[in-house]
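Peer 1: Got a file for you: start_10.cif, mmCIF, C-alpha atoms.
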```cif
data_coords
#
loop_
_atom_site.label_atom_id
_atom_site.label_comp_id
_atom_site.auth_asym_id
_atom_site.auth_seq_id
_atom_site.Cartn_x
_atom_site.Cartn_y
_atom_site.Cartn_z
CA MET T 709 -22.13 -34.66 -59.24
CA LEU T 710 -25.23 -33.95 -57.20
CA ASP T 711 -24.84 -37.31 -55.49
CA ALA T 712 -21.31 -36.43 -54.49
CA ILE T 713 -22.41 -33.09 -53.09
CA GLY T 714 -25.27 -34.78 -51.25
CA SER T 715 -22.92 -37.39 -49.75
CA GLY T 716 -20.50 -34.71 -48.71
CA LEU T 717 -23.23 -32.73 -47.00
CA ASN T 718 -24.42 -35.93 -45.32
CA GLY T 719 -21.01 -36.23 -43.77
CA LEU T 720 -21.48 -32.83 -42.14
CA ILE T 721 -24.84 -33.63 -40.57
CA ALA T 722 -24.08 -37.24 -39.65
CA GLY T 723 -23.00 -36.23 -36.15
CA PHE T 724 -26.43 -34.73 -35.42
CA ALA T 725 -28.26 -37.59 -37.16
CA ASN T 726 -26.50 -40.23 -35.04
CA LEU T 727 -27.06 -38.58 -31.67
CA HIS T 728 -28.52 -41.05 -29.20
CA TRP T 729 -30.95 -39.59 -26.61
CA SER T 730 -28.37 -40.29 -23.89
CA ASN T 731 -25.60 -38.27 -25.56
CA PRO T 732 -26.93 -34.75 -24.86
CA ILE T 733 -27.69 -35.76 -21.27
CA MET T 734 -24.11 -36.97 -20.78
CA ILE T 735 -22.73 -33.82 -22.41
CA VAL T 736 -24.65 -31.89 -19.74
CA VAL T 737 -23.23 -34.26 -17.08
CA GLY T 738 -19.75 -33.53 -18.40
CA CYS T 739 -20.46 -29.81 -18.15
CA VAL T 740 -21.66 -30.27 -14.56
CA LEU T 741 -18.39 -32.03 -13.70
CA LEU T 742 -16.48 -29.16 -15.31
CA TYR T 743 -18.53 -26.67 -13.29
CA LEU T 744 -17.84 -28.57 -10.06
CA GLY T 745 -14.14 -28.71 -10.84
CA ILE T 746 -13.62 -25.17 -12.14
CA LYS T 747 -16.13 -23.06 -10.25
CA LYS T 748 -16.52 -25.02 -7.01
CA ASP T 749 -12.94 -26.32 -6.80
CA PHE T 750 -14.13 -29.95 -6.29
CA GLU T 751 -11.04 -32.07 -7.10
CA PRO T 752 -10.43 -30.06 -10.28
CA LEU T 753 -7.34 -32.05 -11.29
CA LEU T 754 -9.59 -35.05 -11.92
CA LEU T 755 -13.05 -33.69 -12.53
CA VAL T 756 -11.95 -31.31 -15.31
CA PRO T 757 -10.35 -34.00 -17.54
CA ILE T 758 -13.08 -36.51 -16.60
CA GLY T 759 -15.78 -33.96 -17.50
CA PHE T 760 -14.13 -33.08 -20.81
CA GLY T 761 -13.53 -36.73 -21.67
CA CYS T 762 -17.21 -37.38 -20.98
CA ILE T 763 -18.18 -34.63 -23.45
CA LEU T 764 -15.78 -35.95 -26.11
CA VAL T 765 -17.03 -39.54 -25.98
CA ASN T 766 -20.69 -38.50 -26.22
CA ILE T 767 -20.27 -36.79 -29.56
CA PRO T 768 -21.04 -39.53 -32.11
CA LEU T 769 -18.90 -40.87 -34.96
CA THR T 770 -15.61 -39.46 -33.64
CA GLY T 771 -14.02 -42.90 -33.36
CA MET T 772 -12.12 -41.84 -30.25
CA MET T 773 -13.05 -44.96 -28.30
CA GLU T 774 -12.85 -47.34 -31.26
CA GLU T 775 -9.79 -49.39 -32.12
CA GLU T 776 -6.88 -46.98 -32.73
CA GLY T 777 -8.92 -44.04 -31.48
CA PHE T 778 -6.75 -41.76 -29.35
CA LEU T 779 -8.79 -42.17 -26.17
CA LYS T 780 -8.87 -45.95 -26.64
CA ILE T 781 -5.10 -46.03 -26.97
CA ILE T 782 -4.70 -44.07 -23.72
CA TYR T 783 -7.34 -46.20 -21.98
CA ASP T 784 -5.77 -49.49 -23.05
CA ALA T 785 -2.26 -48.32 -22.22
CA GLY T 786 -2.95 -46.94 -18.79
CA ILE T 787 -6.28 -48.13 -17.39
CA MET T 788 -6.52 -51.69 -18.66
CA THR T 789 -2.92 -52.29 -17.63
CA GLU T 790 -3.55 -50.57 -14.23
CA LEU T 791 -0.44 -48.50 -14.88
CA PHE T 792 -1.96 -45.04 -14.33
CA PRO T 793 -3.31 -45.52 -10.78
CA LEU T 794 -0.04 -47.15 -9.73
CA LEU T 795 2.07 -44.30 -11.11
CA ILE T 796 -0.13 -41.78 -9.32
CA PHE T 797 0.37 -43.74 -6.13
CA VAL T 798 4.14 -43.25 -6.39
CA GLY T 799 3.47 -39.52 -6.42
CA ILE T 800 1.03 -39.76 -3.51
CA GLY T 801 3.59 -41.64 -1.44
CA ALA T 802 6.17 -38.98 -2.27
CA MET T 803 3.80 -36.25 -1.08
CA THR T 804 2.73 -37.89 2.19
CA ASP T 805 4.36 -37.34 5.57
CA PHE T 806 3.66 -40.35 7.79
CA GLY T 807 5.39 -38.69 10.75
CA PRO T 808 2.20 -37.91 12.75
CA LEU T 809 1.15 -41.55 12.33
CA LEU T 810 4.53 -42.89 13.41
CA GLU T 811 4.51 -40.63 16.46
CA ASN T 812 1.46 -42.57 17.72
CA PRO T 813 1.21 -45.92 15.90
CA LYS T 814 -2.00 -46.85 17.79
CA ILE T 815 -3.72 -44.44 15.40
CA PHE T 816 -3.32 -47.13 12.74
CA MET T 817 -6.42 -48.72 14.24
CA LEU T 818 -8.50 -45.67 13.32
CA GLY T 819 -7.21 -46.15 9.78
CA ALA T 820 -8.54 -49.70 9.92
CA ALA T 821 -11.95 -48.72 11.34
CA GLY T 822 -12.29 -46.06 8.65
CA GLN T 823 -12.37 -48.80 6.00
CA PHE T 824 -15.26 -50.83 7.41
CA GLY T 825 -17.64 -48.98 5.12
CA ILE T 826 -16.00 -50.75 2.17
CA PHE T 827 -17.00 -54.20 3.37
CA LEU T 828 -20.42 -53.21 4.71
CA THR T 829 -21.29 -51.54 1.40
CA LEU T 830 -20.03 -54.58 -0.49
CA ALA T 831 -22.46 -56.71 1.52
CA LEU T 832 -25.31 -54.29 0.84
CA ALA T 833 -24.54 -54.29 -2.89
CA LEU T 834 -24.82 -58.09 -2.87
CA VAL T 835 -28.19 -57.84 -1.11
CA LEU T 836 -29.35 -55.43 -3.82
CA GLY T 837 -28.52 -58.02 -6.45
CA PHE T 838 -25.22 -56.83 -7.87
CA PRO T 839 -22.87 -59.59 -9.05
CA GLN T 840 -19.96 -60.34 -6.73
CA LYS T 841 -17.22 -58.52 -8.64
CA ASP T 842 -19.48 -55.52 -9.19
CA ALA T 843 -20.18 -55.43 -5.44
CA VAL T 844 -16.40 -55.38 -4.81
CA ALA T 845 -15.99 -52.42 -7.15
CA ILE T 846 -18.89 -50.57 -5.50
CA GLY T 847 -17.57 -51.26 -1.99
CA ILE T 848 -14.13 -49.93 -2.88
CA ILE T 849 -15.59 -46.44 -3.34
CA GLY T 850 -15.50 -46.44 0.46
CA ALA T 851 -11.71 -46.52 0.29
CA CYS T 852 -12.11 -42.81 -0.50
CA ASP T 853 -9.03 -43.18 -2.68
CA GLY T 854 -9.25 -42.58 -6.42
CA PRO T 855 -6.31 -44.69 -7.61
CA THR T 856 -7.35 -47.65 -5.43
CA ALA T 857 -10.94 -47.47 -6.70
CA ILE T 858 -9.75 -47.23 -10.31
CA TYR T 859 -7.26 -50.07 -9.87
CA VAL T 860 -9.84 -52.50 -8.46
CA THR T 861 -12.71 -51.45 -10.73
CA SER T 862 -10.75 -51.45 -13.99
CA LYS T 863 -9.65 -55.01 -13.23
CA TYR T 864 -12.90 -56.56 -12.01
CA ALA T 865 -15.81 -54.38 -13.16
CA PRO T 866 -14.58 -52.11 -15.97
CA HIS T 867 -18.17 -51.33 -17.06
CA LEU T 868 -18.59 -49.50 -13.71
CA LEU T 869 -15.37 -47.51 -14.03
CA GLY T 870 -17.03 -44.22 -14.96
CA ALA T 871 -19.62 -44.37 -12.18
CA VAL T 872 -17.13 -45.55 -9.50
CA SER T 873 -14.51 -42.92 -10.43
CA VAL T 874 -16.98 -40.04 -10.52
CA ALA T 875 -18.42 -41.22 -7.19
CA ALA T 876 -15.00 -41.64 -5.56
CA TYR T 877 -13.64 -38.24 -6.59
CA SER T 878 -16.88 -36.30 -6.11
CA TYR T 879 -17.53 -37.67 -2.65
CA MET T 880 -13.91 -37.14 -1.63
CA SER T 881 -14.33 -33.47 -2.34
CA LEU T 882 -17.65 -33.49 -0.44
CA VAL T 883 -16.02 -34.78 2.76
CA PRO T 884 -16.32 -31.35 4.45
CA VAL T 885 -20.08 -31.58 3.86
CA ILE T 886 -20.63 -35.30 4.50
CA GLN T 887 -18.61 -35.80 7.69
CA PRO T 888 -19.60 -33.05 10.18
CA PRO T 889 -23.26 -34.11 10.66
CA ILE T 890 -22.18 -37.71 11.26
CA MET T 891 -19.49 -36.61 13.69
CA LYS T 892 -21.99 -34.48 15.60
CA PHE T 893 -24.63 -37.20 15.66
CA LEU T 894 -22.31 -39.86 17.09
CA THR T 895 -20.52 -37.82 19.77
CA THR T 896 -21.53 -35.86 22.86
CA GLU T 897 -20.52 -32.25 23.37
CA GLU T 898 -18.14 -33.31 26.19
CA GLU T 899 -16.43 -35.78 23.88
CA ARG T 900 -15.97 -33.15 21.17
CA LYS T 901 -14.29 -30.87 23.67
CA ILE T 902 -11.62 -33.40 24.74
CA ASN T 903 -8.25 -31.73 24.42
CA MET T 904 -5.55 -34.09 23.21
CA GLY T 905 -2.68 -31.65 23.71
CA MET T 906 0.14 -31.10 21.29
CA VAL T 907 2.07 -33.85 19.56
CA LYS T 908 5.53 -33.50 21.05
CA LYS T 909 7.43 -36.65 20.17
CA SER T 910 9.40 -36.73 16.94
CA VAL T 911 10.31 -39.68 14.85
CA SER T 912 13.83 -40.59 13.80
CA LYS T 913 14.81 -40.52 10.16
CA THR T 914 15.71 -44.22 10.40
CA THR T 915 12.17 -45.07 11.50
CA LYS T 916 10.73 -43.00 8.66
CA ILE T 917 12.92 -44.85 6.15
CA LEU T 918 12.14 -48.28 7.61
CA PHE T 919 8.38 -47.63 7.68
CA PRO T 920 7.77 -48.05 3.92
CA LEU T 921 9.99 -51.13 3.85
CA VAL T 922 8.17 -52.77 6.77
CA VAL T 923 4.75 -51.99 5.33
CA THR T 924 5.72 -53.31 1.91
CA VAL T 925 7.21 -56.57 3.15
CA ILE T 926 4.72 -57.41 5.91
CA GLY T 927 1.69 -56.06 4.06
CA GLY T 928 2.82 -57.80 0.89
CA LEU T 929 3.26 -61.15 2.61
CA ILE T 930 -0.20 -60.93 4.21
CA ALA T 931 -1.99 -59.63 1.10
CA PRO T 932 0.16 -60.28 -1.96
CA ARG T 933 -2.51 -59.39 -4.53
CA GLY T 934 -2.46 -55.83 -3.25
CA LEU T 935 1.30 -55.40 -3.43
CA PRO T 936 1.20 -53.28 -6.62
CA LEU T 937 -0.87 -50.69 -4.71
CA LEU T 938 1.06 -51.01 -1.46
CA GLY T 939 4.47 -51.16 -3.09
CA THR T 940 4.04 -48.08 -5.27
CA ILE T 941 2.81 -45.79 -2.52
CA MET T 942 5.61 -47.00 -0.26
CA LEU T 943 8.20 -46.57 -3.02
CA GLY T 944 7.18 -42.93 -3.32
CA ASN T 945 7.41 -42.50 0.43
CA LEU T 946 10.79 -44.23 0.65
CA MET T 947 12.18 -41.94 -2.04
CA LYS T 948 10.90 -38.93 -0.11
CA GLU T 949 12.19 -40.00 3.30
CA SER T 950 15.57 -41.23 2.08
CA GLY T 951 16.37 -37.80 0.66
CA ALA T 952 18.84 -39.54 -1.66
CA VAL T 953 16.80 -39.32 -4.85
CA SER T 954 15.27 -35.86 -4.69
CA ARG T 955 15.10 -35.60 -8.50
CA LEU T 956 13.01 -38.76 -8.69
CA THR T 957 10.87 -37.64 -5.77
CA LYS T 958 10.21 -34.25 -7.36
CA ALA T 959 9.43 -35.88 -10.72
CA SER T 960 7.04 -38.35 -9.07
CA GLU T 961 5.07 -35.71 -7.22
CA ASN T 962 5.10 -33.19 -10.07
CA GLU T 963 5.67 -34.14 -13.71
CA ILE T 964 4.70 -37.81 -13.51
CA ALA T 965 1.70 -37.26 -11.24
CA ASN T 966 0.44 -34.36 -13.36
CA ILE T 967 0.81 -36.09 -16.73
CA VAL T 968 -0.73 -39.33 -15.50
CA THR T 969 -3.56 -37.46 -13.76
CA LEU T 970 -4.45 -35.75 -17.06
CA LEU T 971 -4.38 -39.00 -19.05
CA LEU T 972 -6.21 -40.92 -16.32
CA GLY T 973 -8.95 -38.33 -16.07
CA ILE T 974 -9.59 -38.07 -19.77
CA SER T 975 -9.65 -41.84 -20.27
CA ILE T 976 -12.06 -42.33 -17.34
CA GLY T 977 -14.30 -39.67 -18.89
CA ALA T 978 -14.10 -41.64 -22.12
CA THR T 979 -15.87 -44.58 -20.44
CA MET T 980 -18.91 -42.42 -19.75
CA ASP T 981 -20.76 -43.09 -23.02
CA GLY T 982 -24.43 -42.42 -22.35
CA ARG T 983 -25.49 -45.81 -23.66
CA VAL T 984 -23.36 -47.48 -20.97
CA PHE T 985 -23.53 -44.89 -18.17
CA LEU T 986 -27.21 -43.92 -18.11
CA LYS T 987 -28.73 -46.94 -16.47
CA PRO T 988 -30.64 -47.25 -13.19
CA GLU T 989 -27.72 -49.21 -11.73
CA THR T 990 -25.47 -46.14 -12.13
CA LEU T 991 -27.67 -44.18 -9.73
CA ILE T 992 -27.61 -47.09 -7.29
CA VAL T 993 -23.80 -47.21 -7.54
CA LEU T 994 -23.61 -43.50 -6.79
CA ALA T 995 -25.96 -43.90 -3.82
CA LEU T 996 -24.04 -46.88 -2.43
CA GLY T 997 -20.77 -45.01 -2.83
CA PHE T 998 -22.16 -42.16 -0.76
CA LEU T 999 -23.31 -44.67 1.86
CA ALA T 1000 -19.84 -46.25 1.94
CA ILE T 1001 -18.22 -42.98 2.90
CA CYS T 1002 -20.87 -42.28 5.54
CA LEU T 1003 -20.30 -45.73 7.03
CA ASP T 1004 -16.52 -45.19 6.99
CA THR T 1005 -16.97 -41.96 8.95
CA ALA T 1006 -19.42 -43.54 11.39
CA CYS T 1007 -17.20 -46.57 12.04
CA GLY T 1008 -14.15 -44.36 12.48
CA VAL T 1009 -15.89 -42.13 15.03
CA LEU T 1010 -17.31 -45.13 16.91
CA PHE T 1011 -13.84 -46.66 17.07
CA GLY T 1012 -12.59 -43.31 18.30
CA LYS T 1013 -15.13 -43.53 21.13
CA LEU T 1014 -13.83 -46.99 21.96
CA MET T 1015 -10.28 -45.65 22.06
CA LYS T 1016 -11.47 -42.84 24.31
CA VAL T 1017 -12.83 -45.41 26.77
CA MET T 1018 -9.69 -47.56 26.57
CA THR T 1019 -7.36 -44.61 27.17
CA GLY T 1020 -9.39 -43.19 30.05
CA GLY T 1021 -10.70 -40.22 28.09
CA LYS T 1022 -7.47 -39.08 26.43
CA VAL T 1023 -8.61 -39.60 22.82
CA ASN T 1024 -11.11 -37.23 21.20
CA PRO T 1025 -13.46 -39.48 19.16
CA LEU T 1026 -13.68 -36.83 16.43
CA ILE T 1027 -10.26 -37.88 15.12
CA GLY T 1028 -11.81 -41.21 14.17
CA ALA T 1029 -13.52 -39.44 11.28
CA ALA T 1030 -10.07 -38.74 9.82
CA GLY T 1031 -9.39 -42.48 9.51
CA ILE T 1032 -10.38 -42.34 5.84
CA SER T 1033 -8.10 -41.76 2.91
CA ALA T 1034 -9.29 -38.26 1.98
CA TYR T 1035 -5.94 -36.68 2.88
CA PRO T 1036 -5.53 -34.00 4.14
CA MET T 1037 -9.08 -32.75 3.81
CA SER T 1038 -10.56 -35.00 6.47
CA ALA T 1039 -7.93 -33.98 9.03
CA ARG T 1040 -8.77 -30.33 8.42
CA VAL T 1041 -12.49 -31.09 8.88
CA VAL T 1042 -11.72 -32.71 12.27
CA GLN T 1043 -9.59 -29.72 13.30
CA ARG T 1044 -12.36 -27.30 12.35
CA GLU T 1045 -15.07 -29.29 14.09
CA GLY T 1046 -12.96 -29.70 17.22
CA GLN T 1047 -12.31 -25.99 17.44
CA LYS T 1048 -16.01 -25.22 17.06
CA TYR T 1049 -16.61 -26.77 20.50
CA ASN T 1050 -13.26 -25.96 22.12
CA PRO T 1051 -11.29 -23.12 20.48
CA LYS T 1052 -8.18 -24.16 22.42
CA ASN T 1053 -8.26 -27.66 20.99
CA TYR T 1054 -5.61 -28.38 18.37
CA LEU T 1055 -6.52 -31.73 16.87
CA LEU T 1056 -4.86 -31.25 13.48
CA MET T 1057 -1.68 -33.29 14.01
CA HIS T 1058 -3.58 -36.10 15.74
CA ALA T 1059 -6.09 -36.09 12.88
CA MET T 1060 -3.24 -36.05 10.34
CA GLY T 1061 -1.95 -39.22 11.97
CA ALA T 1062 -5.36 -40.82 11.62
CA ASN T 1063 -5.66 -39.53 8.06
CA THR T 1064 -2.34 -41.01 6.94
CA GLY T 1065 -3.33 -44.17 8.81
CA GLY T 1066 -6.43 -44.11 6.65
CA GLN T 1067 -4.29 -43.87 3.53
CA VAL T 1068 -2.37 -46.98 4.52
CA GLY T 1069 -5.61 -48.54 5.76
CA SER T 1070 -7.44 -48.03 2.47
CA VAL T 1071 -4.61 -49.56 0.47
CA MET T 1072 -4.34 -52.41 2.98
CA ALA T 1073 -8.11 -52.99 2.90
CA ALA T 1074 -8.03 -53.22 -0.91
CA ALA T 1075 -5.01 -55.53 -0.73
CA VAL T 1076 -6.74 -57.77 1.83
CA MET T 1077 -9.91 -57.78 -0.24
CA LEU T 1078 -8.09 -58.79 -3.42
CA SER T 1079 -6.14 -61.51 -1.62
CA VAL T 1080 -9.29 -62.92 -0.02
CA LEU T 1081 -10.97 -62.93 -3.43
CA LYS T 1082 -7.99 -64.79 -4.85
CA GLY T 1083 -8.09 -67.24 -1.97
CA MET T 1084 -11.78 -67.90 -2.59
CA GLY T 1085 -11.12 -68.47 -6.29
CA ILE T 1086 -13.31 -65.56 -7.38
CA ILE T 1087 -10.39 -63.96 -9.25
CA MET U 1219 -20.08 -69.57 -4.35
CA ASP U 1220 -23.43 -68.18 -3.16
CA ASN U 1221 -23.75 -64.51 -2.33
CA TRP U 1222 -24.47 -65.10 1.38
CA THR U 1223 -21.24 -67.07 1.89
CA PHE U 1224 -19.29 -64.61 -0.22
CA GLY U 1225 -20.63 -61.57 1.64
CA VAL U 1226 -20.09 -62.96 5.13
CA THR U 1227 -16.58 -64.11 4.23
CA MET U 1228 -15.66 -60.73 2.78
CA VAL U 1229 -17.04 -58.83 5.77
CA VAL U 1230 -15.53 -61.06 8.45
CA VAL U 1231 -12.21 -61.96 6.82
CA GLY U 1232 -11.87 -58.62 5.04
CA MET U 1233 -12.52 -56.43 8.08
CA GLY U 1234 -10.69 -58.81 10.37
CA GLY U 1235 -7.72 -59.08 8.03
CA THR U 1236 -7.49 -55.31 7.71
CA ILE U 1237 -7.60 -54.74 11.47
CA LEU U 1238 -5.12 -57.52 12.14
CA THR U 1239 -2.65 -56.32 9.50
CA LEU U 1240 -2.74 -52.73 10.69
CA TRP U 1241 -2.43 -53.86 14.29
CA ILE U 1242 0.69 -55.85 13.39
CA LEU U 1243 2.08 -52.84 11.54
CA SER U 1244 1.37 -50.56 14.50
CA LEU U 1245 3.21 -52.97 16.82
CA LEU U 1246 6.18 -53.17 14.47
CA MET U 1247 6.34 -49.38 14.14
CA SER U 1248 6.19 -48.97 17.93
CA ILE U 1249 9.13 -51.38 18.22
CA LEU U 1250 11.08 -49.55 15.53
CA SER U 1251 10.40 -46.18 17.16
CA LYS U 1252 11.84 -47.51 20.40
CA ALA U 1253 14.78 -49.20 18.63
CA PHE U 1254 15.64 -46.04 16.68
CA PRO U 1255 14.65 -43.13 18.90
CA TYR U 1256 14.62 -39.56 17.69
CA ARG U 1257 17.76 -37.58 18.35
CA LYS U 1258 17.99 -33.80 18.33
CA GLU U 1259 21.09 -33.96 16.09
CA GLU U 1260 18.83 -35.12 13.27
CA GLU U 1261 17.09 -31.73 13.14
CA GLY U 1262 18.14 -29.68 10.17
CA LYS U 1263 19.51 -32.70 8.22
#
```
Could you express the structure from this file as structure tokens?
Peer 2:
Amino acid sequence: MLDAIGSGLNGLIAGFANLHWSNPIMIVVGCVLLYLGIKKDFEPLLLVPIGFGCILVNIPLTGMMEEEGFLKIIYDAGIMTELFPLLIFVGIGAMTDFGPLLENPKIFMLGAAGQFGIFLTLALALVLGFPQKDAVAIGIIGACDGPTAIYVTSKYAPHLLGAVSVAAYSYMSLVPVIQPPIMKFLTTEEERKINMGMVKKSVSKTTKILFPLVVTVIGGLIAPRGLPLLGTIMLGNLMKESGAVSRLTKASENEIANIVTLLLGISIGATMDGRVFLKPETLIVLALGFLAICLDTACGVLFGKLMKVMTGGKVNPLIGAAGISAYPMSARVVQREGQKYNPKNYLLMHAMGANTGGQVGSVMAAAVMLSVLKGMGII
Amino acid sequence: MDNWTFGVTMVVVGMGGTILTLWILSLLMSILSKAFPYRKEEEGK
């Protein structure tokens, strides 16, 4: 009898007895993510479920990430299969207006320059001793695109998924803090004041419908390994622009995106077990991710300066900073910074073009990267 | 494959491939914009 009572009581204190030193630290980390999401409004749709998932997985003996645990089921169903990031991409495509980009297709090149940080950071990660696939996953933080980062990392470096996802989403929300000093450092006051005028041209509906088809076919032929990413974002956009399937478009950008975002966030948080997450390499991953986004911004602005020279001073180099995938935040940062130096300057629509170019650019960069890896026999 | 070869290949081919692909797409979209110009009648549809 006493033994039974003793065993029963043991069951109630087992959680405390099996706490690893890393668990309380990660519970605090989860709370920090919740604070950033709820109080500071830093990408709350992701950071809140990630933070809570992190807390759940760091309470011992719950079985949530063991076989048939509920978080493991969600993780296996949506992350390991890469389904969740792809479904979110359909919603992102349905929410994006590529009109400003199509009005000035040259802006695509800023979207390309804004991805250079991915490859430069990959090289630096190799120098620091990371294995090749890990370096790919670290570099992809520079895509500044959560679903792309999750898609690549879950496939090729799943042990880094927690660190890469937290880095990608946290730094995306820090774009208004990260970008302005780099923009100021790399441009002169005269350059910042360049007035690009208003965007007047409009784009035909036919062009807007053909755009996702052209990108899918041509992009897919050049970089077939990235077609799942490219195809899903373009499917969402095609549905939006066609206007023929408004129910599907609305479902993609609302119900599907919201449900998948919740499940994605909580299952990413579930990978943040302290025993796996709290290693020196996690800090290095976070630092390299930050560097990737800084390099993206710098390369975008420098390419903007090149475009300014090539167009005889018509392009304001600040819009180069919007060539990353943090849409539409980066475009708003460019608008704000431009107006600081010239209140009559309205850069928003030009920056939106660069920003949507960055969205396509980030997906294309990931697609090219995966196809090159396949070509080299690494994957 | 050694890390040096891997890194250089990824930087050169990766960055080059991205620029080239987006340049091709920008050309194609310029052509399409000219082939299917915007018409005022489309406003409000």
Peer 1: First collect every listed atom of segment 1237-1242 of chain U; then fit an axis-aligned box around them, widen it by 5 Å on each side, and give centre and edge lengths in Å to one decimal, as AutoDock Vina command-line options.
Peer 2:
```
--center_x -3.5 --center_y -55.1 --center_z 11.9 --size_x 18.3 --size_y 14.8 --size_z 14.8
```
Peer 1: Got a sec: who's within 8 Å of Lys913 of chain T, counting only C-alpha atoms, leaving out chain neighbours fewer than 2 positions off, as a list in words?
Peer 2: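 Listing them by chain and then by number gives Val911, Thr915, Lys916, Ile917 and Glu949 of chain T; Tyr1256 and Glu1260 of chain U.
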Peer 1: (18.5, -42.5, 14.6) in this file's frame - what residues fall within 6 Å of it? Use only C-alpha atoms and give the answer as a list of chain:residue names.
Peer 2: T:Ser912, T:Thr914, U:Phe1254, U:Pro1255, U:Tyr1256
Peer 1: When distances are computed from all atoms listed in the file, which of U:Lys1258, U:Gly1234, U:Lys1252, U:Leu1240 shows the smallest separation from chain T?
Peer 2: U:Leu1240
Peer 1: Residues within 7 Å of segment 728-742 of chain T, please, as a list in words. Count all atoms listed in the file; anything in the same chain fewer than 4 positions from it doesn't count.
Peer 2: Ile746, Leu755, Val756, Gly759, Phe760, Cys762, Ile763, Asn766, Ile767, Gly982, Arg983 and Leu986 of chain T
Peer 1: At a cut-off of 7 Å, using only C-alpha atoms, what residues contact Ala1075 of chain T? Leave out same-chain residues fewer than 5 positions from it and give the result as a short mmCIF file (atom, residue, chain, number, x, y, z; two decimals) with C-alpha atoms, in the coordinates of the input.
Peer 2:
```cif
data_model
loop_
_atom_site.label_atom_id
_atom_site.label_comp_id
_atom_site.auth_asym_id
_atom_site.auth_seq_id
_atom_site.Cartn_x
_atom_site.Cartn_y
_atom_site.Cartn_z
CA ALA T 931 -1.99 -59.63 1.10
CA ARG T 933 -2.51 -59.39 -4.53
CA GLY T 934 -2.46 -55.83 -3.25
CA LEU T 935 1.30 -55.40 -3.43
#
```
Peer 1: Compare T:Pro839, T:Leu795, T:Glu775, T:Ala785 by their minimum atom-to-atom distance to Trp1222 of chain U, counting only C-alpha atoms, and give me the closest one.
Peer 2: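 Comparing T:Pro839, T:Leu795, T:Glu775, T:Ala785 against Trp1222 of chain U, the winner is T:Pro839.
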Peer 1: Given all atoms listed in the file, how would the per-residue table for chain U near chain T read, listing every residue at most 7 Å away with its closest atom pair and distance in Å to one decimal, sorted by chain and number, as JSON lines?
Peer 2:
```
{"residue": "U:Asn1221", "atom": "CA", "partner": "T:Leu834", "partner_atom": "CA", "distance": 6.5}
{"residue": "U:Gly1225", "atom": "CA", "partner": "T:Ala831", "partner_atom": "CA", "distance": 5.2}
{"residue": "U:Met1228", "atom": "CA", "partner": "T:Phe827", "partner_atom": "CA", "distance": 6.7}
{"residue": "U:Val1229", "atom": "CA", "partner": "T:Phe827", "partner_atom": "CA", "distance": 5.2}
{"residue": "U:Gly1232", "atom": "CA", "partner": "T:Met1077", "partner_atom": "CA", "distance": 5.7}
{"residue": "U:Met1233", "atom": "CA", "partner": "T:Phe824", "partner_atom": "CA", "distance": 6.3}
{"residue": "U:Gly1235", "atom": "CA", "partner": "T:Val1076", "partner_atom": "CA", "distance": 6.4}
{"residue": "U:Thr1236", "atom": "CA", "partner": "T:Ala1073", "partner_atom": "CA", "distance": 5.4}
{"residue": "U:Ile1237", "atom": "CA", "partner": "T:Ala820", "partner_atom": "CA", "distance": 5.4}
{"residue": "U:Thr1239", "atom": "CA", "partner": "T:Gly927", "partner_atom": "CA", "distance": 7.0}
{"residue": "U:Leu1240", "atom": "CA", "partner": "T:Phe816", "partner_atom": "CA", "distance": 6.0}
{"residue": "U:Trp1241", "atom": "CA", "partner": "T:Met817", "partner_atom": "CA", "distance": 6.5}
{"residue": "U:Leu1243", "atom": "CA", "partner": "T:Val923", "partner_atom": "CA", "distance": 6.8}
{"residue": "U:Ser1244", "atom": "CA", "partner": "T:Pro813", "partner_atom": "CA", "distance": 4.8}
{"residue": "U:Met1247", "atom": "CA", "partner": "T:Pro813", "partner_atom": "CA", "distance": 6.4}
{"residue": "U:Ser1248", "atom": "CA", "partner": "T:Pro813", "partner_atom": "CA", "distance": 6.2}
{"residue": "U:Leu1250", "atom": "CA", "partner": "T:Thr915", "partner_atom": "CA", "distance": 6.1}
{"residue": "U:Ser1251", "atom": "CA", "partner": "T:Thr915", "partner_atom": "CA", "distance": 6.0}
{"residue": "U:Phe1254", "atom": "CA", "partner": "T:Thr915", "partner_atom": "CA", "distance": 6.3}
{"residue": "U:Pro1255", "atom": "CA", "partner": "T:Ser912", "partner_atom": "CA", "distance": 5.8}
{"residue": "U:Tyr1256", "atom": "CA", "partner": "T:Ser912", "partner_atom": "CA", "distance": 4.1}
{"residue": "U:Arg1257", "atom": "CA", "partner": "T:Ser912", "partner_atom": "CA", "distance": 6.7}
```
Peer 1: Work out how far apart atom CA of Glu897 of chain T and atom CA of Asn1024 of chain T are and give it in Å to one decimal.
Peer 2: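 These atoms are spaced 10.9 Å apart.
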Peer 1: Quick one, how far is atom CA of Tyr877 of chain T from atom CA of Leu956 of chain T?
Peer 2: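 Separation of atom CA of Tyr877 of chain T and atom CA of Leu956 of chain T: 26.7 Å.
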Peer 1: Could you expand the PyMOL selection byres ((chain T and resi 859-864) around 7) into the explicit residues it covers here, written as a PyMOL selection string?
Peer 2: chain T and resi 787-788+790+793+841+845+855-858+865-866+868-869
Peer 1: Within 12 Å of Arg955 of chain T, counting only C-alpha atoms, which residues show up once you throw out same-chain ones fewer than 6 positions away? Write them as a count of residues only, please.
Peer 2: 8
Peer 1: When you count all atoms listed in the file, which of these residues is closest to Leu794 of chain T: T:Gly714, T:Gly854, T:Gly928, T:Gly1031?
Peer 2: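 Result for the nearest residue to Leu794 of chain T: T:Gly854.
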